[in-house]
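Just below is one structure, and these are the notes that go with it.
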Amino acid sequence: MLDKLSSYPKVIVELGMGDGRLLESLAERDASSLYVGIELDKEQCAQARARISLANVEIMSGSFEAVVQTFPDGSVDRFIAVLPDPAFIDEKRESRWKPFYKTVHAKLKPGGTLQIVAEITDELLQPVGDESYARWAAWLESSLLSIGFTLKSRREGAPAQYSSRCLDQFSGDPERIRMTTLELAK
Ligand SMILES: C[S@@+](CC[C@H](N)C(=O)[O-])C[C@H]1O[C@@H](n2cnc3c(N)ncnc32)[C@H](O)[C@@H]1O
């Protein structure tokens with residue numbers, strides 16, 4: 001697998017790819033790049049492997065913390081994280097997850113990018129007000145910038161062309177589950 005990283009001009013890595021449907025749709029449209037999906041859940045990996053038969057897709061089963069560590073520094077063009085588990089995005093656990101995104105930063109090529117689509121919900125499952133949303137989105141941005149990323153853009157919502165199991169579920173409740181998309185560069 002590590003040999004493959006250097007045999008494609010571009011390498012895109014999806015962290016926590018779930019059933020891999022987003023990875024598959026991106027890889028289909030970009031046959032000259034390598035798409036690597038990492039997922040902890042063995043059942044979802046098995047589903048993805050059974051469904052996806054594209055030569056430019058690699059599915060890696062395991063923790064992305066362990067797998068990403070094995071990539072050479074400066075070897076990845078783009079990381080994508082769509083709706084990471086709270087352990088890797090939650091405000092209360094910032095000190096726990098920050099070191100992982102530092103590693104992600106180190107693995108990017110110069111000018112490489114990290115795209116994060118994250119969501120905020122209210123603890124009582126009430127609609128998320130504009131003030132709460134703005135405060136949270138600004139906090140998330142500043143936390144990631146403090147690692148060394150630069151901001152390319154921050155937009156409310158998920159990219160319109162993206163479909164994943166969780167995105168498709170969450171987008172049905174846009175007042176109680178508000179999302180932001182951050183585009184960050186090394
Ligand atoms: C909220 S789901 C989002 C899945 C997918 N991105 C989507 O949008 O449908 C988070 C995913 O991250 C996976 N995950 C959580 N921790 C992980 C880790 N340390 N390494 C790899 N995958 C992880 C979970 O198994 C789960 O599939």
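Residue numbers start at 1 in each chain; chains themselves are named A, B, ... in the order of the structure tokens; ligands are numbered from 1 in the order shown.
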
Q: Would you list the residues that come within 8 Å of ligand 1? Count only C-alpha atoms and all ligand atoms and give the answer as a ChimeraX atom specification.
A: /A:14-20,22,38-41,44,61-66,81-85,87-88,163-168

File of the preceding selection, N, CA and C atoms, as a short mmCIF file (atom, residue, chain, number, x, y, z; two decimals), in the first residue's frame:
```
data_model
loop_
_atom_site.label_atom_id
_atom_site.label_comp_id
_atom_site.auth_asym_id
_atom_site.auth_seq_id
_atom_site.Cartn_x
_atom_site.Cartn_y
_atom_site.Cartn_z
N GLU A 14 -9.57 9.51 2.94
CA GLU A 14 -10.78 9.81 3.72
C GLU A 14 -10.69 9.12 5.08
N LEU A 15 -10.85 9.93 6.12
CA LEU A 15 -10.76 9.44 7.51
C LEU A 15 -12.15 9.04 7.98
N GLY A 16 -12.33 7.81 8.44
CA GLY A 16 -13.65 7.38 8.91
C GLY A 16 -14.65 7.40 7.78
N MET A 17 -14.38 6.61 6.75
CA MET A 17 -15.17 6.69 5.49
C MET A 17 -16.54 6.03 5.60
N GLY A 18 -16.85 5.37 6.76
CA GLY A 18 -18.14 4.69 6.86
C GLY A 18 -18.24 3.60 5.81
N ASP A 19 -19.33 3.59 5.06
CA ASP A 19 -19.50 2.53 4.04
C ASP A 19 -18.81 2.87 2.72
N GLY A 20 -18.12 4.00 2.67
CA GLY A 20 -17.27 4.31 1.51
C GLY A 20 -17.99 4.87 0.30
N LEU A 22 -19.00 7.92 -0.36
CA LEU A 22 -18.44 9.19 -0.84
C LEU A 22 -17.10 8.94 -1.54
N ILE A 38 -10.10 5.00 5.19
CA ILE A 38 -9.74 4.31 6.44
C ILE A 38 -10.99 4.25 7.33
N GLU A 39 -11.25 3.07 7.86
CA GLU A 39 -12.45 2.90 8.69
C GLU A 39 -12.19 1.84 9.75
N LEU A 40 -12.60 2.17 10.99
CA LEU A 40 -12.39 1.28 12.14
C LEU A 40 -13.33 0.09 12.10
N ASP A 41 -14.54 0.32 11.61
CA ASP A 41 -15.58 -0.70 11.68
C ASP A 41 -15.38 -1.74 10.57
N GLN A 44 -18.26 -2.29 7.98
CA GLN A 44 -18.38 -1.26 6.93
C GLN A 44 -17.25 -1.39 5.90
N SER A 61 -8.59 -1.09 6.85
CA SER A 61 -9.37 -1.37 8.04
C SER A 61 -8.50 -1.09 9.26
N GLY A 62 -9.01 -0.25 10.17
CA GLY A 62 -8.25 0.03 11.39
C GLY A 62 -8.44 1.46 11.83
N SER A 63 -7.72 1.83 12.87
CA SER A 63 -7.82 3.18 13.40
C SER A 63 -7.02 4.14 12.51
N PHE A 64 -7.65 5.25 12.13
CA PHE A 64 -6.89 6.18 11.27
C PHE A 64 -5.70 6.79 12.02
N GLU A 65 -5.79 6.82 13.35
CA GLU A 65 -4.62 7.32 14.10
C GLU A 65 -3.40 6.43 13.84
N ALA A 66 -3.63 5.11 13.84
CA ALA A 66 -2.52 4.18 13.61
C ALA A 66 -2.10 4.17 12.14
N ALA A 81 -12.50 14.54 6.05
CA ALA A 81 -13.15 13.95 7.23
C ALA A 81 -14.59 14.45 7.25
N VAL A 82 -15.53 13.56 6.97
CA VAL A 82 -16.94 13.95 6.94
C VAL A 82 -17.62 13.43 8.21
N LEU A 83 -18.06 14.37 9.02
CA LEU A 83 -18.77 14.06 10.27
C LEU A 83 -17.96 13.11 11.16
N PRO A 84 -16.76 13.54 11.57
CA PRO A 84 -15.96 12.68 12.44
C PRO A 84 -16.69 12.40 13.75
N ASP A 85 -16.36 11.25 14.36
CA ASP A 85 -16.92 10.95 15.67
C ASP A 85 -16.53 12.05 16.65
N ALA A 87 -15.09 12.06 19.36
CA ALA A 87 -13.74 11.92 19.92
C ALA A 87 -12.70 12.66 19.08
N PHE A 88 -13.06 13.00 17.82
CA PHE A 88 -12.09 13.67 16.94
C PHE A 88 -12.54 15.06 16.51
N SER A 163 -22.55 12.91 -0.84
CA SER A 163 -23.56 12.04 -0.24
C SER A 163 -22.81 10.99 0.58
N SER A 164 -23.24 10.82 1.84
CA SER A 164 -22.71 9.73 2.67
C SER A 164 -23.88 9.29 3.54
N ARG A 165 -23.70 8.15 4.21
CA ARG A 165 -24.82 7.65 5.02
C ARG A 165 -25.23 8.69 6.06
N CYS A 166 -24.24 9.24 6.79
CA CYS A 166 -24.58 10.19 7.85
C CYS A 166 -25.05 11.52 7.30
N LEU A 167 -24.39 11.99 6.24
CA LEU A 167 -24.81 13.28 5.66
C LEU A 167 -26.25 13.20 5.18
N ASP A 168 -26.60 12.09 4.56
CA ASP A 168 -27.96 11.95 4.03
C ASP A 168 -28.97 11.94 5.18
#
```

Q) Within 7 Å of Ala185 in chain A, counting only C-alpha atoms, which residues qualify if same-chain residues fewer than 5 places away don't, as a list in words? A) Gly111, Gly112, Thr113, Leu114, Phe149, Thr150, Leu151 and Lys152 of chain A

Q. Excluding same-chain residues fewer than 4 positions from range 179-184 of chain A, what lies within 8 Å of it counting only C-alpha atoms, as a list in words?
A. Thr113, Leu114, Gln115, Ile116, Val117, Ala118, Glu119, Ile120, Ala137, Glu141, Phe149, Thr150, Leu151, Lys152, Ser153, Arg154, Arg155, Glu156, Gly157, Ala158 and Pro159 of chain A

Go ahead and dump the residues you just picked, C-alpha atoms, as a PDB file, in the first residue's frame.
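Here's the written file part_2.pdb:
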```
ATOM      1  CA  THR A 113      -5.490  20.333   2.044  1.00  0.00           C
ATOM      2  CA  LEU A 114      -7.699  19.070   4.834  1.00  0.00           C
ATOM      3  CA  GLN A 115     -11.455  19.271   4.395  1.00  0.00           C
ATOM      4  CA  ILE A 116     -13.585  18.785   7.499  1.00  0.00           C
ATOM      5  CA  VAL A 117     -17.367  18.650   7.487  1.00  0.00           C
ATOM      6  CA  ALA A 118     -18.549  18.842  11.106  1.00  0.00           C
ATOM      7  CA  GLU A 119     -21.875  19.227  12.845  1.00  0.00           C
ATOM      8  CA  ILE A 120     -23.235  20.981  15.915  1.00  0.00           C
ATOM      9  CA  ALA A 137     -17.786  27.449  13.920  1.00  0.00           C
ATOM     10  CA  GLU A 141     -11.700  27.203  12.831  1.00  0.00           C
ATOM     11  CA  PHE A 149      -3.203  25.148   8.883  1.00  0.00           C
ATOM     12  CA  THR A 150      -4.239  28.181   6.878  1.00  0.00           C
ATOM     13  CA  LEU A 151      -7.888  28.815   6.087  1.00  0.00           C
ATOM     14  CA  LYS A 152      -9.042  28.540   2.482  1.00  0.00           C
ATOM     15  CA  SER A 153     -12.762  28.785   3.230  1.00  0.00           C
ATOM     16  CA  ARG A 154     -15.449  28.153   5.787  1.00  0.00           C
ATOM     17  CA  ARG A 155     -19.053  27.662   4.714  1.00  0.00           C
ATOM     18  CA  GLU A 156     -22.217  26.615   6.456  1.00  0.00           C
ATOM     19  CA  GLY A 157     -23.501  23.193   5.380  1.00  0.00           C
ATOM     20  CA  ALA A 158     -21.892  20.257   3.598  1.00  0.00           C
ATOM     21  CA  PRO A 159     -20.682  20.355  -0.028  1.00  0.00           C
TER      22      PRO A 159
END
```

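Each of A:Leu23, A:Val57, A:Ser7, A:Lys98 was compared to Leu140 in chain A using only C-alpha atoms, and A:Lys98 turns out to be the nearest.
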
Q: Extract the full set of strand (DSSP E) residues from range 87-165 of chain A according to DSSP on the backbone, and format it as a VMD selection string.
A: chain A and resid 108 to 121 150 to 156

Please produce a file of the residues just selected, as a PDB file, in the first residue's frame, where the atoms kept are C-alpha atoms.
```
ATOM      1  CA  LEU A 108       0.296  16.570   3.818  1.00  0.00           C
ATOM      2  CA  LYS A 109       2.413  17.683   0.903  1.00  0.00           C
ATOM      3  CA  PRO A 110       3.200  21.423   0.918  1.00  0.00           C
ATOM      4  CA  GLY A 111      -0.029  23.120  -0.202  1.00  0.00           C
ATOM      5  CA  GLY A 112      -2.015  19.963   0.563  1.00  0.00           C
ATOM      6  CA  THR A 113      -5.490  20.333   2.044  1.00  0.00           C
ATOM      7  CA  LEU A 114      -7.699  19.070   4.834  1.00  0.00           C
ATOM      8  CA  GLN A 115     -11.455  19.271   4.395  1.00  0.00           C
ATOM      9  CA  ILE A 116     -13.585  18.785   7.499  1.00  0.00           C
ATOM     10  CA  VAL A 117     -17.367  18.650   7.487  1.00  0.00           C
ATOM     11  CA  ALA A 118     -18.549  18.842  11.106  1.00  0.00           C
ATOM     12  CA  GLU A 119     -21.875  19.227  12.845  1.00  0.00           C
ATOM     13  CA  ILE A 120     -23.235  20.981  15.915  1.00  0.00           C
ATOM     14  CA  THR A 121     -26.354  19.899  17.786  1.00  0.00           C
ATOM     15  CA  THR A 150      -4.239  28.181   6.878  1.00  0.00           C
ATOM     16  CA  LEU A 151      -7.888  28.815   6.087  1.00  0.00           C
ATOM     17  CA  LYS A 152      -9.042  28.540   2.482  1.00  0.00           C
ATOM     18  CA  SER A 153     -12.762  28.785   3.230  1.00  0.00           C
ATOM     19  CA  ARG A 154     -15.449  28.153   5.787  1.00  0.00           C
ATOM     20  CA  ARG A 155     -19.053  27.662   4.714  1.00  0.00           C
ATOM     21  CA  GLU A 156     -22.217  26.615   6.456  1.00  0.00           C
TER      22      GLU A 156
END
```
